[in-house]
Every structure is written in structure tokens, then in C-alpha cells.
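Enquirer: So here's start_34.cif (mmCIF, C-alpha atoms).
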data_upload
#
loop_
_atom_site.label_atom_id
_atom_site.label_comp_id
_atom_site.auth_asym_id
_atom_site.auth_seq_id
_atom_site.Cartn_x
_atom_site.Cartn_y
_atom_site.Cartn_z
CA MET A 1 -10.37 19.58 29.02
CA VAL A 2 -13.08 19.21 26.42
CA ILE A 3 -12.56 16.24 24.09
CA PRO A 4 -14.02 16.77 20.60
CA ALA A 5 -16.80 14.26 19.90
CA TYR A 6 -15.23 12.71 16.83
CA ARG A 7 -17.36 9.57 17.05
CA ASN A 8 -20.47 11.73 16.87
CA GLN A 9 -19.14 13.06 13.56
CA GLY A 10 -18.98 9.59 12.07
CA TYR A 11 -15.31 8.84 12.78
CA ILE A 12 -14.14 5.71 14.61
CA PHE A 13 -11.71 7.44 16.96
CA ASP A 14 -11.48 10.02 19.74
CA ILE A 15 -8.62 12.30 20.75
CA THR A 16 -7.67 11.46 24.33
CA ASN A 17 -4.87 11.78 26.87
CA SER A 18 -4.48 8.01 27.20
CA THR A 19 -1.35 6.26 25.93
CA ALA A 20 -3.67 3.50 24.76
CA TYR A 21 -4.61 5.74 21.85
CA ASP A 22 -2.30 8.68 21.38
CA GLN A 23 0.41 10.86 22.84
CA TYR A 24 -1.36 14.13 23.57
CA PHE A 25 0.47 17.32 22.62
CA ILE A 26 -0.50 20.86 23.65
CA TYR A 27 1.06 23.67 21.66
CA GLY A 28 3.23 25.94 23.81
CA ARG A 29 3.56 23.47 26.68
CA PRO A 30 6.98 22.10 27.71
CA ILE A 31 8.28 18.96 26.06
CA TYR A 32 11.20 16.69 26.91
CA GLU A 33 14.35 17.84 25.12
CA SER A 34 15.19 14.21 24.24
CA ILE A 35 11.79 13.77 22.60
CA GLY A 36 12.29 16.98 20.64
CA ARG A 37 15.62 15.72 19.28
CA ILE A 38 14.15 12.36 18.32
CA VAL A 39 11.26 13.99 16.49
CA ASP A 40 13.67 16.23 14.60
CA ASP A 41 15.63 13.14 13.51
CA ILE A 42 12.91 10.66 12.58
CA PHE A 43 9.65 12.46 11.89
CA ASN A 44 10.10 11.95 8.15
CA GLU A 45 10.47 8.16 8.46
CA TYR A 46 7.51 5.79 8.48
CA ALA A 47 6.65 2.11 8.28
CA ARG A 48 4.93 0.59 5.28
CA ARG A 49 4.57 -2.80 3.65
CA GLN A 50 6.78 -3.45 0.63
CA GLY A 51 5.03 -2.34 -2.56
CA GLN A 52 2.60 -0.15 -0.59
CA LEU A 53 2.38 3.62 -0.60
CA ALA A 54 0.27 4.33 2.48
CA PRO A 55 1.92 4.10 5.93
CA TYR A 56 1.15 0.87 7.80
CA PHE A 57 -0.84 1.47 10.96
CA THR A 58 1.24 0.64 14.03
CA SER A 59 0.67 1.10 17.74
CA PHE A 60 2.76 0.87 20.91
CA CYS A 61 1.85 0.49 24.57
CA ASN A 62 3.54 -0.63 27.77
CA GLY A 63 1.77 -4.00 27.79
CA THR A 64 0.92 -3.85 31.51
CA THR A 65 -1.36 -1.00 32.52
CA VAL A 66 -2.28 -0.36 28.90
CA SER A 67 -2.61 -3.00 26.19
CA CYS A 68 -3.20 -2.59 22.48
CA GLN A 69 -3.03 -4.51 19.23
CA GLY A 70 0.55 -3.89 18.25
CA MET A 71 3.95 -3.62 19.91
CA SER A 72 4.44 -4.06 23.65
CA GLN A 73 7.16 -2.26 25.59
CA TRP A 74 8.09 -5.35 27.58
CA GLY A 75 7.88 -7.66 24.58
CA THR A 76 10.32 -5.50 22.65
CA VAL A 77 12.77 -5.53 25.57
CA THR A 78 12.74 -9.35 25.52
CA LEU A 79 13.44 -9.46 21.79
CA ALA A 80 16.18 -6.83 22.06
CA ASN A 81 17.89 -8.90 24.78
CA GLN A 82 17.82 -11.84 22.35
CA GLY A 83 19.80 -9.78 19.83
CA TYR A 84 16.98 -8.77 17.50
CA THR A 85 17.58 -5.67 15.39
CA PRO A 86 14.95 -2.88 15.43
CA LEU A 87 13.60 -4.03 12.06
CA GLN A 88 13.46 -7.66 13.22
CA ILE A 89 11.53 -6.54 16.30
CA LEU A 90 9.09 -4.61 14.12
CA ARG A 91 8.59 -7.65 11.89
CA SER A 92 7.94 -9.83 14.95
CA TYR A 93 4.78 -7.84 15.63
CA TYR A 94 3.77 -6.94 12.09
CA PRO A 95 4.03 -8.57 8.63
CA ASN A 96 7.49 -9.73 7.54
CA ASP A 97 7.53 -7.35 4.58
CA ILE A 98 7.36 -4.24 6.79
CA GLU A 99 10.04 -1.71 5.82
CA ILE A 100 11.16 1.70 7.06
CA VAL A 101 11.13 4.39 4.39
CA GLN A 102 11.85 8.09 4.40
CA THR A 103 10.10 11.00 2.78
CA ASN A 104 11.93 14.27 2.24
CA ILE A 105 8.78 16.16 1.27
CA ILE A 106 8.17 17.94 4.54
CA THR A 107 7.29 21.45 3.42
CA ASN A 108 4.92 22.96 0.89
CA VAL A 109 2.48 20.12 1.49
CA LEU A 110 0.57 19.36 -1.68
CA SER A 111 -3.20 18.87 -1.56
CA SER A 112 -4.32 15.53 -2.95
CA TYR A 113 -7.15 17.31 -4.78
CA PRO A 114 -5.95 18.00 -8.37
CA GLY A 115 -6.93 21.67 -8.13
CA THR A 116 -9.41 21.65 -11.00
CA PRO A 117 -12.68 19.67 -11.27
CA LEU A 118 -12.68 16.41 -13.20
CA ARG A 119 -15.57 15.98 -15.63
CA GLN A 120 -16.56 14.08 -18.75
CA GLY A 121 -13.74 14.48 -21.26
CA SER A 122 -11.01 14.77 -18.60
CA SER A 123 -8.12 12.32 -18.74
CA GLY A 124 -4.96 11.42 -16.89
CA LEU A 125 -3.71 9.91 -13.66
CA ASP A 126 -6.15 11.84 -11.44
CA VAL A 127 -9.08 10.36 -13.38
CA GLN A 128 -7.61 6.89 -13.00
CA THR A 129 -7.25 7.47 -9.25
CA VAL A 130 -10.97 8.31 -8.95
CA GLN A 131 -11.87 5.28 -11.08
CA THR A 132 -9.76 3.02 -8.85
CA TRP A 133 -11.38 4.38 -5.70
CA LEU A 134 -14.92 4.08 -7.05
CA ASN A 135 -14.40 0.55 -8.38
CA ARG A 136 -13.27 -0.50 -4.90
CA ILE A 137 -16.08 1.37 -3.15
CA ARG A 138 -18.78 -0.25 -5.33
CA ARG A 139 -17.95 -3.64 -3.79
CA ASN A 140 -19.44 -2.24 -0.59
CA TYR A 141 -22.03 -0.07 -2.36
CA PRO A 142 -23.22 -2.16 -5.34
CA ALA A 143 -25.72 0.53 -6.39
CA ILE A 144 -22.75 2.38 -7.90
CA PRO A 145 -22.49 1.21 -11.54
CA ALA A 146 -19.29 -0.39 -12.85
CA ILE A 147 -16.83 1.84 -14.68
CA THR A 148 -16.09 0.46 -18.14
CA ASP A 149 -14.21 3.46 -19.55
CA ALA A 150 -10.54 3.05 -20.36
CA ALA A 151 -8.26 3.73 -17.37
CA GLY A 152 -7.69 7.47 -17.05
CA SER A 153 -10.50 8.41 -19.46
CA PHE A 154 -13.54 10.19 -17.94
CA GLY A 155 -16.35 8.84 -20.12
CA ASN A 156 -20.05 8.00 -19.73
CA SER A 157 -19.62 5.15 -17.24
CA THR A 158 -17.29 7.18 -15.01
CA LYS A 159 -19.79 10.03 -14.97
CA ALA A 160 -22.60 7.59 -14.11
CA ALA A 161 -20.58 6.15 -11.21
CA VAL A 162 -19.70 9.61 -9.88
CA THR A 163 -23.32 10.78 -10.15
CA LYS A 164 -24.63 7.74 -8.27
CA PHE A 165 -21.98 8.15 -5.58
CA GLN A 166 -22.96 11.79 -5.15
CA SER A 167 -26.66 10.91 -4.79
CA LEU A 168 -25.87 8.22 -2.21
CA PHE A 169 -23.86 10.62 -0.06
CA ASN A 170 -26.01 13.75 -0.31
CA LEU A 171 -23.77 15.64 -2.74
CA THR A 172 -24.97 17.56 -5.78
CA PRO A 173 -25.40 14.79 -8.40
CA ASP A 174 -23.78 16.61 -11.30
CA GLY A 175 -21.25 13.94 -12.27
CA ILE A 176 -18.35 16.35 -11.71
CA VAL A 177 -15.55 15.55 -9.25
CA GLY A 178 -15.00 18.83 -7.46
CA LYS A 179 -13.21 19.26 -4.15
CA SER A 180 -16.09 18.04 -1.93
CA THR A 181 -16.71 14.97 -4.09
CA TRP A 182 -12.99 14.18 -4.33
CA TYR A 183 -12.50 14.24 -0.58
CA LYS A 184 -15.71 12.31 0.12
CA ILE A 185 -14.62 9.54 -2.27
CA SER A 186 -11.12 9.59 -0.76
CA ARG A 187 -12.41 9.44 2.83
CA LEU A 188 -14.77 6.55 2.08
CA TYR A 189 -12.06 4.63 0.22
CA THR A 190 -9.77 5.03 3.23
CA ALA A 191 -12.53 3.77 5.53
CA ILE A 192 -13.54 0.66 3.59
CA THR A 193 -9.97 -0.42 2.83
CA ARG A 194 -9.11 0.18 6.51
CA LEU A 195 -5.97 2.14 5.66
CA ALA A 196 -5.76 3.26 9.29
CA GLU A 197 -6.08 -0.27 10.70
CA LEU A 198 -3.66 -3.11 11.39
CA ASP A 199 -5.51 -5.34 8.91
CA SER A 200 -5.48 -2.69 6.16
CA GLU A 201 -5.88 -3.75 2.54
CA GLY A 202 -3.15 -1.26 1.74
CA THR A 203 -2.64 0.91 -1.30
CA THR A 204 -0.06 -0.08 -3.86
CA LEU A 205 2.46 2.43 -5.13
CA GLY A 206 0.24 4.68 -7.15
CA ILE A 207 1.86 5.34 -10.51
CA GLY A 208 -1.15 3.80 -12.26
CA THR A 209 -1.10 2.76 -15.92
CA VAL A 210 -1.75 6.18 -17.47
CA PRO A 211 1.28 8.49 -17.75
CA PRO A 212 0.75 12.03 -16.41
CA SER A 213 -0.06 14.69 -18.99
CA SER A 214 2.21 17.30 -17.40
CA VAL A 215 5.46 18.57 -18.92
CA LEU A 216 8.26 18.58 -16.34
CA ARG A 217 11.62 20.34 -16.45
CA GLN A 218 14.26 21.49 -13.99
CA GLY A 219 12.57 23.63 -11.34
CA SER A 220 9.27 21.70 -11.41
CA SER A 221 7.82 20.59 -8.06
CA SER A 222 4.68 18.48 -7.99
CA PRO A 223 3.35 14.97 -7.27
CA ASP A 224 4.22 14.08 -10.89
CA VAL A 225 7.90 14.75 -10.08
CA ILE A 226 7.63 12.12 -7.33
CA THR A 227 6.24 9.66 -9.89
CA LEU A 228 9.08 10.53 -12.29
CA GLN A 229 11.74 10.02 -9.63
CA TYR A 230 10.19 6.74 -8.50
CA LEU A 231 10.21 5.40 -12.07
CA LEU A 232 13.80 6.52 -12.70
CA ASP A 233 14.94 4.98 -9.40
CA ILE A 234 13.50 1.57 -10.37
CA ILE A 235 14.75 1.77 -13.97
CA SER A 236 18.26 2.76 -12.82
CA GLU A 237 18.59 -0.64 -11.11
CA TYR A 238 18.41 -2.34 -14.52
CA TYR A 239 20.09 0.30 -16.73
CA PRO A 240 23.54 1.03 -15.21
CA GLY A 241 23.99 4.16 -17.33
CA ILE A 242 21.09 5.93 -15.61
CA PRO A 243 21.90 7.53 -12.22
CA ALA A 244 19.22 7.19 -9.53
CA PRO A 245 17.79 10.60 -8.55
CA SER A 246 16.89 11.70 -5.04
CA GLN A 247 13.19 11.07 -4.42
CA ASP A 248 12.41 14.48 -2.95
CA GLY A 249 9.65 15.75 -5.25
CA ILE A 250 11.89 18.51 -6.64
CA PHE A 251 13.15 18.44 -10.23
CA GLY A 252 16.75 19.47 -9.62
CA SER A 253 19.97 18.97 -11.54
CA GLY A 254 20.29 15.35 -10.39
CA THR A 255 16.86 14.46 -11.73
CA ARG A 256 17.65 16.26 -14.99
CA GLN A 257 20.83 14.21 -15.40
CA SER A 258 18.82 11.01 -14.86
CA VAL A 259 16.22 12.10 -17.42
CA ILE A 260 18.88 12.95 -20.02
CA ALA A 261 20.62 9.59 -19.50
CA PHE A 262 17.29 7.78 -19.90
CA GLN A 263 16.41 9.72 -23.04
CA GLN A 264 19.82 8.94 -24.58
CA ILE A 265 19.44 5.21 -23.94
CA MET A 266 15.91 5.21 -25.38
CA GLY A 267 16.88 7.19 -28.48
CA LEU A 268 14.81 10.23 -27.54
CA GLN A 269 15.77 13.89 -27.78
CA ALA A 270 18.04 14.31 -24.75
CA ASP A 271 16.79 17.71 -23.59
CA GLY A 272 16.05 16.82 -19.95
CA ILE A 273 12.40 17.76 -20.41
CA VAL A 274 9.75 15.13 -19.62
CA GLY A 275 6.94 15.38 -22.16
CA ALA A 276 4.52 12.84 -23.62
CA LEU A 277 7.15 10.74 -25.45
CA THR A 278 9.45 10.52 -22.44
CA TRP A 279 6.54 9.68 -20.11
CA LYS A 280 5.47 6.85 -22.44
CA ALA A 281 9.01 5.49 -22.63
CA LEU A 282 9.33 5.60 -18.83
CA TYR A 283 6.09 3.67 -18.33
CA ASP A 284 6.97 1.15 -21.04
CA ALA A 285 10.38 0.51 -19.47
CA TYR A 286 8.89 0.22 -15.98
CA ARG A 287 6.18 -2.23 -17.09
CA GLY A 288 8.77 -4.30 -18.92
CA ILE A 289 10.82 -4.60 -15.73
CA VAL A 290 7.83 -5.49 -13.55
CA GLN A 291 6.58 -8.13 -15.98
CA ASN A 292 9.95 -9.84 -16.43
CA VAL A 293 11.51 -9.83 -12.97
CA PRO A 294 10.69 -13.21 -11.36
CA SER A 295 9.05 -13.21 -7.94
CA PRO A 296 11.03 -14.83 -5.13
CA LYS A 297 9.99 -18.39 -4.31
CA PRO A 298 9.53 -19.70 -0.76
CA GLU A 299 12.32 -21.58 0.96
CA SER A 300 12.54 -25.25 0.15
CA GLY A 301 10.34 -27.29 2.45
CA THR A 302 8.16 -24.35 3.51
CA ILE A 303 5.03 -22.55 2.45
CA THR A 304 4.05 -19.01 3.38
CA TYR A 305 0.82 -18.09 5.15
CA ALA A 306 -0.81 -14.71 5.89
CA VAL A 307 -2.40 -14.68 9.34
CA GLN A 308 -6.18 -14.22 9.25
CA ALA A 309 -8.63 -12.99 11.90
CA GLY A 310 -9.22 -15.74 14.49
CA ASP A 311 -5.99 -17.61 13.77
CA THR A 312 -3.81 -19.06 16.51
CA LEU A 313 -0.54 -20.92 16.17
CA TRP A 314 -2.31 -24.09 17.30
CA LEU A 315 -5.02 -23.79 14.64
CA ILE A 316 -2.46 -23.10 11.92
CA ALA A 317 -0.33 -26.06 13.05
CA GLN A 318 -3.37 -28.36 12.92
CA ARG A 319 -4.35 -27.06 9.48
CA TYR A 320 -0.92 -27.76 7.97
CA GLY A 321 -0.02 -30.93 9.86
CA THR A 322 2.87 -29.49 11.86
CA THR A 323 3.52 -28.32 15.43
CA VAL A 324 3.41 -24.97 17.22
CA ASP A 325 7.06 -25.32 18.20
CA ALA A 326 8.09 -25.96 14.60
CA ILE A 327 6.32 -22.81 13.40
CA LYS A 328 7.78 -20.71 16.21
CA ARG A 329 11.29 -22.04 15.56
CA LEU A 330 11.09 -21.40 11.80
CA ASN A 331 9.85 -17.81 12.31
CA GLY A 332 11.98 -16.88 15.32
CA LEU A 333 8.92 -16.39 17.55
CA SER A 334 9.45 -16.21 21.30
CA GLY A 335 5.76 -16.17 22.21
CA ASP A 336 2.37 -17.19 20.88
CA LEU A 337 1.24 -13.74 19.75
CA ILE A 338 0.55 -13.40 16.02
CA ASN A 339 -1.05 -10.48 14.19
CA ILE A 340 -3.51 -10.23 11.31
CA GLY A 341 -1.58 -9.89 8.07
CA GLN A 342 1.65 -11.30 9.54
CA ILE A 343 3.46 -13.57 7.06
CA LEU A 344 4.50 -16.91 8.57
CA LYS A 345 6.70 -19.62 7.11
CA ILE A 346 5.02 -23.00 7.65
CA PRO A 347 7.10 -26.21 7.67
CA SER A 348 6.09 -28.59 4.93
CA SER A 349 7.65 -31.96 4.21
CA GLN A 350 6.72 -31.53 0.56
CA ALA A 351 6.00 -27.92 -0.32
CA GLU A 352 3.58 -27.68 -3.23
CA SER A 353 4.79 -26.24 -6.52
CA TYR A 354 2.82 -23.28 -7.73
CA ILE A 355 2.71 -20.33 -10.08
CA GLU A 356 2.02 -16.76 -9.04
CA TYR A 357 -1.01 -15.05 -10.53
CA THR A 358 -2.13 -11.42 -10.33
CA VAL A 359 -5.91 -11.12 -9.87
CA ARG A 360 -7.70 -9.23 -12.63
CA SER A 361 -11.16 -7.76 -13.02
CA GLY A 362 -13.79 -10.53 -13.26
CA ASP A 363 -11.65 -13.26 -11.67
CA THR A 364 -13.18 -15.63 -9.13
CA LEU A 365 -11.67 -18.58 -7.28
CA TRP A 366 -13.90 -20.95 -9.26
CA LEU A 367 -12.81 -19.53 -12.63
CA LEU A 368 -9.14 -19.70 -11.62
CA SER A 369 -9.50 -23.29 -10.41
CA ARG A 370 -11.00 -24.29 -13.80
CA ARG A 371 -8.35 -22.37 -15.75
CA TYR A 372 -5.42 -23.98 -13.92
CA ASN A 373 -6.92 -27.44 -13.36
CA THR A 374 -6.98 -27.28 -9.59
CA THR A 375 -9.64 -26.76 -6.91
CA VAL A 376 -10.99 -23.77 -5.01
CA ASP A 377 -9.99 -25.39 -1.72
CA ALA A 378 -6.42 -25.94 -2.97
CA ILE A 379 -6.06 -22.27 -3.93
CA LYS A 380 -7.53 -21.13 -0.61
CA LYS A 381 -5.20 -23.42 1.34
CA ALA A 382 -2.11 -22.31 -0.60
CA ASN A 383 -2.91 -18.66 0.16
CA GLY A 384 -4.35 -19.00 3.65
CA LEU A 385 -7.73 -17.66 2.51
CA THR A 386 -10.76 -18.10 4.73
CA GLY A 387 -13.29 -16.61 2.30
CA ASP A 388 -13.91 -16.25 -1.43
CA LEU A 389 -13.23 -12.51 -1.76
CA LEU A 390 -10.49 -11.49 -4.20
CA ASN A 391 -9.03 -8.04 -4.84
CA ILE A 392 -7.80 -6.76 -8.20
CA GLY A 393 -3.99 -6.76 -8.10
CA GLN A 394 -3.84 -9.42 -5.37
CA ILE A 395 -1.02 -11.98 -5.85
CA LEU A 396 -2.24 -15.58 -5.59
CA LYS A 397 -0.27 -18.80 -5.48
CA ILE A 398 -1.92 -21.30 -7.82
CA PRO A 399 -0.98 -24.96 -7.09
CA THR A 400 0.34 -26.83 -10.11
CA GLY A 401 1.07 -30.22 -8.67
#
Would you put the structure from the file into C-alpha cells?
Expert:
Amino acid sequence: MVIPAYRNQGYIFDITNSTAYDQYFIYGRPIYESIGRIVDDIFNEYARRQGQLAPYFTSFCNGTTVSCQGMSQWGTVTLANQGYTPLQILRSYYPNDIEIVQTNIITNVLSSYPGTPLRQGSSGLDVQTVQTWLNRIRRNYPAIPAITDAAGSFGNSTKAAVTKFQSLFNLTPDGIVGKSTWYKISRLYTAITRLAELDSEGTTLGIGTVPPSSVLRQGSSSPDVITLQYLLDIISEYYPGIPAPSQDGIFGSGTRQSVIAFQQIMGLQADGIVGALTWKALYDAYRGIVQNVPSPKPESGTITYAVQAGDTLWLIAQRYGTTVDAIKRLNGLSGDLINIGQILKIPSSQAESYIEYTVRSGDTLWLLSRRYNTTVDAIKKANGLTGDLLNIGQILKIPTG
């Protein structure tokens, strides 16, 4: 068998026949009937972190002849014998906010490319997506100028950033986001945020701040319908008169009923058609919910900690003045294995009070420490940070006492 040289093409993986990396499939060859049934049942389910859109990278190996960073066959057997549920087992190996979600969009796969080039004067959610990607990429490639245009508005600074990106990566520097530029930006963003790694930065649910410009009605089928259904599903939790639609990407009768109910509550023309006014009302309602729903606080007498590269239970115990056994008991751990990104509860005789803060553009640990009358070290300790890097949208605990 000839294995394609993916690493020679700049990728960080190969396609192999080893269970350390993948389960090799050859079209037309026999497969186990049991495997076929399982695939039919669960292929549209995937793991992700709460609040994230992209799947969370997971791996599985037998733990004896083959080892990997992720779940172990024999480790899972031990946890199952202790009465752990499948989700509890998953959270023993990965962060505690891992969840299993389902997508029903399994046919008519939609290309992420908008279909038409984005250029100066363009506006909308696709423009905001490119701006978000480029603003993250420029942290690794500072030659790319900052984008100062309003979110979703393709102005001079967005064109300058696109043009510089194109020149850096041997694309025609015309400042227009065509298919090749779109996919190059997307691929690089995926690489630097490590979306395919266990320590991925993740991608938050991508509704953005700019409502889509499309007009949707019954029969529509597009990514904007997914956004619509997501918004209605959240809003329905707080407005009992609005039924939650199926999140299948298809504008059917159920989605139309949800839209009409929303429009009636908001005093809009209840025609079941989602135009500019309805989009704006949806985004306003959603932002109002997000800004006013309080975040859950940690259990009394504990603090939460996100595992960093190089951490061990012993090091964490020393850092917080507790014991390895106390941490393991509080988190239901049967062994000493912890994973990057895993959320641990740490015993604390006097858990610090704090406020939660969402990182914005221009924030630094020093500025936040001055603003809230604390210290950089106190913020880093409260959040388990080992460096000074902050990400826009990151949730920080700021000590207040």
C-alpha cells in the first residue's frame, strides 16, 4: 500500500493502518456488521466543549500495545466497573464541560465558502468571519495589520489585512477574498488555534454580532437557517410562548411557527418571514439573554483550575496548598492521569471571591489588575494561567477580596 505523503505537503498527520492514529477503511472491502449498525446510529453525534461549535479532538487506543493522548480501553473498563456513565467516563479523560451533541445536517453538505467573493464594500456575517480569523492569525503573523473596520463591514483596514495575508502566502494580493484566499485563511486559522488538537483553543458558537442579510422563509435551507434555529432555541427557553424548532438547517413548518410566535411577542408583522427587522430583534433578544443570565459560581470551598501543559496532580496540590488525594477525591479520579484543558475542582479552605470578566480587544493582565485593584499574579493564580497571553472572548475570574 502506498501511503500519501501528507507531511510533505505541510500537514502534521499521515494516513496509516495503525490504530494509534486512525481506523483505516477501504471502499468495497468487508466490514463488521456490528460496526456498520453503530455507524448508522451514531455517525451524526460528536463531542464538543460547551459553548463551542467545532468538534473537540478525541482519541482512543487500547492502552497496552498502542498508547495515545486520550482515552484508554482498559482505563474506561475500570471506570465503567465503578459505575461511571459514558459521559462521566468521557469527562474523566477530557474537560468537564465536554458534551455530546447531534447534527441532523448529513446531506447536501454546504461549502463554508460564501459562494461569491468578498471585497471592499461587502458586509455581513461572512465578512465578520474573515475579520475574526485574520485578527487571530495576526497574533502569530504580526506583519498583518490590525482590522479597525466595524464588525461585518469590509472597509480599508480589512482590505489591507487581506492584501498583506495574500502577499505572505503567495496568493494574488488583490485584497479580494475569493475561494483560494478564503480556504487559505480558514486552514491557517484551524492550524494556529489547534482545532484538531486536544489542547485546542476552540471556536465559539459562530452567530457573530452582525445579523445575516438574507431573507428566510419556509422552504429555505442554508447556514443562516441554522443560525436562526439556534437563536430561536435559546430564546424559547426564556419566552414560554415560543416553541423551540428542530435544529436541522431546514426552514420547515415548525421553524415558521417559532418565527411567527417570536414576531408576535416582539410586536413585528407576524408573517413567518425573517427579514432585516426580525433578524435585528432576534439578535437583540439573544444578546439581552446572554448579558443578563448569571454565570454559575464554583462550589463553596473550591476553586476551579484548567490543566496546563506540564501539570501534574502533585504540582497542582503544592501550588494550592492541598493534597493529591484531596484533588482526586473531589474530582472522582481513580488515577493520576490528567489532560491539558481538563477542568479540576481544587479544595480551598477559603475560596476567593471573584467576578467574571470577558476579555476584550486591547486588554492585558496588567491593565485588568489596575482596573480591579488586584495583581497580575492573583489573576493568573485564580485562572490557572502560566503565561500572559489572553484571547478575546476568554472568561477570566478576577479576585475581589
Enquirer: Using Å and a single decimal, report how far CA of Gly115 in chain A sits from CA of Ser167 in chain A.
Expert: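 Result for CA of Ser167 in chain A versus CA of Gly115 in chain A: 22.7 Å, one decimal.
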Enquirer: What is the distance, in Å and to one decimal place, between CA of Asp174 in chain A and CA of Gly124 in chain A?
Expert: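 According to the coordinates, CA of Asp174 in chain A and CA of Gly124 in chain A are separated by 20.3 Å.
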Enquirer: In Å, with one decimal, what is the gap from CA of Val210 in chain A to CA of Asp149 in chain A?
Expert: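 Value for the CA of Val210 in chain A-CA of Asp149 in chain A distance: 12.9 Å.
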Enquirer: From the list A:Tyr357, A:Ser92, A:Pro399, A:Ser214, which residue is nearest Asn373 in chain A when using all atoms listed in the file?
Expert: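 Comparing A:Tyr357, A:Ser92, A:Pro399, A:Ser214 against Asn373 in chain A, the winner is A:Pro399.
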Enquirer: Determine the residue set returned by the PyMOL selection byres ((chain A and resi 256-263) around 7) for the present structure, and present it as a short mmCIF file (atom, residue, chain, number, x, y, z; two decimals) with C-alpha atoms, in the coordinates of the input.
Expert:
data_model
loop_
_atom_site.label_atom_id
_atom_site.label_comp_id
_atom_site.auth_asym_id
_atom_site.auth_seq_id
_atom_site.Cartn_x
_atom_site.Cartn_y
_atom_site.Cartn_z
CA GLN A 218 14.26 21.49 -13.99
CA GLY A 241 23.99 4.16 -17.33
CA ILE A 242 21.09 5.93 -15.61
CA PRO A 243 21.90 7.53 -12.22
CA ALA A 244 19.22 7.19 -9.53
CA PRO A 245 17.79 10.60 -8.55
CA PHE A 251 13.15 18.44 -10.23
CA GLY A 252 16.75 19.47 -9.62
CA SER A 253 19.97 18.97 -11.54
CA GLY A 254 20.29 15.35 -10.39
CA THR A 255 16.86 14.46 -11.73
CA GLN A 264 19.82 8.94 -24.58
CA ILE A 265 19.44 5.21 -23.94
CA MET A 266 15.91 5.21 -25.38
CA GLY A 267 16.88 7.19 -28.48
CA LEU A 268 14.81 10.23 -27.54
CA GLN A 269 15.77 13.89 -27.78
CA ALA A 270 18.04 14.31 -24.75
CA ASP A 271 16.79 17.71 -23.59
CA GLY A 272 16.05 16.82 -19.95
#
Enquirer: From the list A:Leu232, A:Leu330, A:Ile379, A:Leu171, which residue is nearest Lys184 in chain A when using all atoms listed in the file?
Expert: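 Of A:Leu232, A:Leu330, A:Ile379, A:Leu171, the one nearest Lys184 in chain A, counting all atoms listed in the file, is A:Leu171.
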Enquirer: So that I can check the surroundings of Ile144 in chain A, please list as a PyMOL selection string every protein, DNA and RNA residue that reaches within 10 Å of it, counting all atoms listed in the file and ignoring chain neighbours fewer than 5 positions away.
Expert: chain A and resi 134-135+137-139+160-168
Enquirer: Check what the PyMOL selection byres ((chain A and resi 80-89) around 12) selects in the file above and give those residues as number ranges by chain.
Expert: A: 47-48, 70-79, 90-101, 331-334
Enquirer: Please produce a file of those selected residues containing C-alpha atoms, as a JSON list (two decimals), in the coordinates of the input.
Expert:
[["chain", "number", "residue", "atom", "x", "y", "z"],
["A", 47, "ALA", "CA", 6.65, 2.11, 8.28],
["A", 48, "ARG", "CA", 4.93, 0.59, 5.28],
["A", 70, "GLY", "CA", 0.55, -3.89, 18.25],
["A", 71, "MET", "CA", 3.95, -3.62, 19.91],
["A", 72, "SER", "CA", 4.44, -4.06, 23.65],
["A", 73, "GLN", "CA", 7.16, -2.26, 25.59],
["A", 74, "TRP", "CA", 8.09, -5.35, 27.58],
["A", 75, "GLY", "CA", 7.88, -7.66, 24.58],
["A", 76, "THR", "CA", 10.32, -5.50, 22.65],
["A", 77, "VAL", "CA", 12.77, -5.53, 25.57],
["A", 78, "THR", "CA", 12.74, -9.35, 25.52],
["A", 79, "LEU", "CA", 13.44, -9.46, 21.79],
["A", 90, "LEU", "CA", 9.09, -4.61, 14.12],
["A", 91, "ARG", "CA", 8.59, -7.65, 11.89],
["A", 92, "SER", "CA", 7.94, -9.83, 14.95],
["A", 93, "TYR", "CA", 4.78, -7.84, 15.63],
["A", 94, "TYR", "CA", 3.77, -6.94, 12.09],
["A", 95, "PRO", "CA", 4.03, -8.57, 8.63],
["A", 96, "ASN", "CA", 7.49, -9.73, 7.54],
["A", 97, "ASP", "CA", 7.53, -7.35, 4.58],
["A", 98, "ILE", "CA", 7.36, -4.24, 6.79],
["A", 99, "GLU", "CA", 10.04, -1.71, 5.82],
["A", 100, "ILE", "CA", 11.16, 1.70, 7.06],
["A", 101, "VAL", "CA", 11.13, 4.39, 4.39],
["A", 331, "ASN", "CA", 9.85, -17.81, 12.31],
["A", 332, "GLY", "CA", 11.98, -16.88, 15.32],
["A", 333, "LEU", "CA", 8.92, -16.39, 17.55],
["A", 334, "SER", "CA", 9.45, -16.21, 21.30]]
Enquirer: Report as an MDAnalysis selection string the full result of the PyMOL selection byres ((chain A and resi 275) around 9) when it is applied to this structure.
Expert: chainID A and resid 213:217 273:274 276:280
Enquirer: Need to verify the contact set: Leu125 in chain A, 7 Å, all atoms listed in the file, exclusion of same-chain residues closer than 2 positions in sequence. Can you return it as a list in words?
Expert: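 So, after excluding close chain neighbours, the residues are Val127, Gln128, Thr129, Gly152, Gly208, Val210, Pro211 and Pro212 of chain A.
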Enquirer: Which residue is closest to Thr364 in chain A? Choose from A:Ala382, A:Ile392, A:Ile234, A:Ile250 and count all atoms listed in the file.
Expert: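 Comparing A:Ala382, A:Ile392, A:Ile234, A:Ile250 against Thr364 in chain A, the winner is A:Ile392.
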Enquirer: Could you give me, as a VMD selection string, the residues within 9 Å of Val324 in chain A, counting all atoms listed in the file and dropping anything in the same chain fewer than 6 positions from it?
Expert: chain A and resid 313 to 318 336
Enquirer: Give me a file of those residues, with C-alpha atoms, as a PDB file, keeping the file's coordinate frame.
Expert:
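Result file is selection.pdb:
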ATOM      1  CA  LEU A 313      -0.540 -20.920  16.170  1.00  0.00           C
ATOM      2  CA  TRP A 314      -2.310 -24.090  17.300  1.00  0.00           C
ATOM      3  CA  LEU A 315      -5.020 -23.790  14.640  1.00  0.00           C
ATOM      4  CA  ILE A 316      -2.460 -23.100  11.920  1.00  0.00           C
ATOM      5  CA  ALA A 317      -0.330 -26.060  13.050  1.00  0.00           C
ATOM      6  CA  GLN A 318      -3.370 -28.360  12.920  1.00  0.00           C
ATOM      7  CA  ASP A 336       2.370 -17.190  20.880  1.00  0.00           C
TER       8      ASP A 336
END
Enquirer: Counting only C-alpha atoms, which of A:Ile338, A:Asp233, A:Pro347, A:Ile327 gets nearest to Ile303 in chain A?
Expert: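 Nearest candidate to Ile303 in chain A out of A:Ile338, A:Asp233, A:Pro347, A:Ile327: A:Pro347.
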Enquirer: Residues within 7 Å of Asn383 in chain A, please, as a list in words. Count only C-alpha atoms; anything in the same chain fewer than 5 positions from it doesn't count.
Expert: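 Once the nearby chain positions are removed, what remains is Tyr305, Leu396 and Lys397 of chain A.
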Enquirer: Around all listed atoms of range 354-372 of chain A, padded 5 Å per side, what centre and edge lengths does the axis-aligned box have in Å to one decimal, as AutoDock Vina command-line options?
Expert:
--center_x -5.5 --center_y -16.0 --center_z -11.5 --size_x 26.7 --size_y 26.5 --size_z 18.5
